[in-house]
Amino acid sequence: MDYCGRLVNRPSVNITVRNCIVPYGNGFCIGSEASGGVHNVLIENMLVGTSLHNCYVKTAPGRGGIISDIHFRNITVLGVSRTGLHVNMNYTGSPPTNQTATPIVRNITFEDVNGNAKYAGIFNCIPESPCTCTVVDSRWRAEAGFSCVNATIQSSDVSPAMCAAPPVIDNPSP
């Protein structure tokens with residue numbers, strides 16, 4: 001599928017997904033192929049059973065593209081996720097399409113996203129393009145808290161505390 005996205009090379013914009021139940025799988029995922037860009041996406045009013053990554057934005061150096069203005073809102077995980085909130089700019093699912101293309105991830109908002117997870121959240125961004133995210137009204141019952149690398153995170157009313165101490169992560173991707 002990545003090949004098809006690169007071939008079309010147009011942005012995905014103005015997308016709304018709401019009122020869904022996801023019993024298992026990868027929850028809600030944006031990327032990894034986003035070289036054409038992904039903008040203005042709202043994912044809201046969702047129930048998730050057991051998922052690998054609940055709310056997941058992924059890309060990698062060599063992919064390029066801008067992922068921006070993504071809003072995850074009112075999402076509840078009923079089962080257990082591996083990661084509650086996940087932004088990964090070092091995704092390794094397939095080889096880079098352009099060695100010099102640097103992706104940009106900005107204005108990702110997680111609002112009222114709650115549940116059970118091994119890791120409350122992982123924000124694994126790259127030094128040459130730190131990601132920017134907002135986490136609001138989010139509570140996780142998790143073995144480990146939030147890990148933030150090369151990420152600027154604004155938060156309010158979040159549990160556990162945002163990026164207090166980085167957890168040890170045992171290969172959280174793909």
# chains A, B, ... in the order shown; residues from 1 in each chain; ligands from 1
$ residues_around --residues "A:His39" --least-positions-apart "5" --cutoff "9 Å" --atoms "only C-alpha atoms" --output "list of chain:residue names"
A:Pro11, A:Ser12, A:Val13, A:Asn14, A:Ile15, A:Ile66, A:Ile67, A:Ser68, A:Asp69, A:Ile70
$ write_last_selection --atoms "N, CA, C and O atoms" --output "CSV table (one decimal), in the first residue's frame"
chain,number,residue,atom,x,y,z
A,11,PRO,N,-2.2,14.9,-0.7
A,11,PRO,CA,-2.5,14.9,0.7
A,11,PRO,C,-3.8,14.3,1.0
A,11,PRO,O,-4.8,14.4,0.2
A,12,SER,N,-4.0,13.7,2.2
A,12,SER,CA,-5.2,13.3,2.7
A,12,SER,C,-5.7,14.4,3.6
A,12,SER,O,-5.0,14.7,4.6
A,13,VAL,N,-6.8,15.0,3.4
A,13,VAL,CA,-7.3,16.2,4.1
A,13,VAL,C,-8.7,16.2,4.5
A,13,VAL,O,-9.5,15.5,3.8
A,14,ASN,N,-9.1,16.8,5.6
A,14,ASN,CA,-10.5,17.0,6.0
A,14,ASN,C,-11.2,15.7,6.1
A,14,ASN,O,-12.2,15.4,5.5
A,15,ILE,N,-10.7,14.9,7.0
A,15,ILE,CA,-11.2,13.5,7.3
A,15,ILE,C,-11.8,13.5,8.7
A,15,ILE,O,-11.2,13.9,9.6
A,66,ILE,N,4.1,16.0,5.7
A,66,ILE,CA,3.7,16.7,6.9
A,66,ILE,C,2.4,16.1,7.4
A,66,ILE,O,1.5,15.9,6.6
A,67,ILE,N,2.4,15.7,8.7
A,67,ILE,CA,1.2,15.2,9.3
A,67,ILE,C,0.9,16.3,10.3
A,67,ILE,O,1.7,16.5,11.3
A,68,SER,N,-0.3,16.9,10.2
A,68,SER,CA,-0.6,18.0,11.1
A,68,SER,C,-2.1,18.1,11.3
A,68,SER,O,-2.9,17.6,10.5
A,69,ASP,N,-2.4,18.7,12.5
A,69,ASP,CA,-3.8,19.0,12.8
A,69,ASP,C,-4.6,17.7,12.9
A,69,ASP,O,-5.7,17.6,12.3
A,70,ILE,N,-4.1,16.8,13.7
A,70,ILE,CA,-4.8,15.5,13.9
A,70,ILE,C,-5.4,15.6,15.3
A,70,ILE,O,-4.7,15.9,16.3
$ residues_around --residues "A:Phe28" --least-positions-apart "6" --cutoff "7 Å" --atoms "only C-alpha atoms" --output "list in words"
Asn54, Cys55 and Tyr56 of chain A
$ write_last_selection --atoms "C-alpha atoms" --output "PDB file, in the first residue's frame"
ATOM      1  CA  ASN A  54      -4.591   2.674  20.457  1.00  0.00           C
ATOM      2  CA  CYS A  55      -3.976   6.098  18.832  1.00  0.00           C
ATOM      3  CA  TYR A  56      -0.918   5.828  16.599  1.00  0.00           C
TER       4      TYR A  56
END
$ residues_around --residues "A:Gly121" --least-positions-apart "5" --cutoff "10 Å" --atoms "only C-alpha atoms" --output "VMD selection string"
chain A and resid 53 to 56 82 to 87 140 142 144 to 148 160 162 to 163 167
$ select_by_dssp --residues "stretch 47-154 of chain A" --states "strand (DSSP E or B)" --output "JSON, numbers by chain"
{"A": [47, 48, 49, 50, 51, 53, 54, 55, 56, 57, 58, 66, 67, 68, 69, 70, 71, 72, 73, 74, 75, 76, 77, 78, 79, 80, 81, 82, 83, 84, 85, 86, 87, 88, 104, 105, 106, 107, 108, 109, 110, 111, 112, 113, 114, 115, 116, 117, 118, 119, 120, 121, 122, 123, 124, 126, 129, 131, 132, 133, 134, 135, 136, 137, 138, 139, 140, 141, 142, 143, 144, 145, 146, 147, 148, 149, 151, 152, 153, 154]}
$ residues_around --residues "A:Gly36" --least-positions-apart "5" --cutoff "7 Å" --atoms "only C-alpha atoms" --output "JSON list (two decimals) with N, CA, C and O atoms, in the first residue's frame"
[["chain", "number", "residue", "atom", "x", "y", "z"],
["A", 9, "ASN", "N", 0.66, 10.60, -4.45],
["A", 9, "ASN", "CA", 1.37, 11.77, -3.92],
["A", 9, "ASN", "C", 0.47, 13.00, -3.75],
["A", 9, "ASN", "O", 0.82, 14.10, -4.14],
["A", 10, "ARG", "N", -0.71, 12.79, -3.17],
["A", 10, "ARG", "CA", -1.61, 13.89, -2.83],
["A", 10, "ARG", "C", -1.93, 13.81, -1.35],
["A", 10, "ARG", "O", -2.00, 12.73, -0.79],
["A", 11, "PRO", "N", -2.18, 14.95, -0.73],
["A", 11, "PRO", "CA", -2.48, 14.92, 0.70],
["A", 11, "PRO", "C", -3.85, 14.31, 1.00],
["A", 11, "PRO", "O", -4.77, 14.40, 0.18],
["A", 65, "GLY", "N", 6.90, 14.47, 3.96],
["A", 65, "GLY", "CA", 5.49, 14.72, 4.21],
["A", 65, "GLY", "C", 5.26, 15.41, 5.54],
["A", 65, "GLY", "O", 6.10, 15.38, 6.44]]
$ residues_around --residues "A:Val17" --least-positions-apart "2" --cutoff "9 Å" --atoms "only C-alpha atoms" --output "list of chain:residue names"
A:Ile15, A:Asn19, A:Cys20, A:Val41, A:Leu42, A:Ile43, A:Glu44, A:Asn45, A:Met46
$ residues_around --residues "A:Asn114" --least-positions-apart "2" --cutoff "7 Å" --atoms "only C-alpha atoms" --output "list in words"
Ile75, Thr76, Val77, Asp112, Ser138, Arg139 and Trp140 of chain A
$ atom_distance --atom1 "atom CA of A:Gly115" --atom2 "atom CA of A:Val149"
22.7 Å
$ atom_distance --atom1 "atom CA of A:Tyr119" --atom2 "atom CA of A:Glu143"
6.2 Å
$ closest_residue --among "A:Val57, A:Asn107, A:Arg18, A:Leu47" --to "A:Ile30" --atoms "only C-alpha atoms"
A:Val57
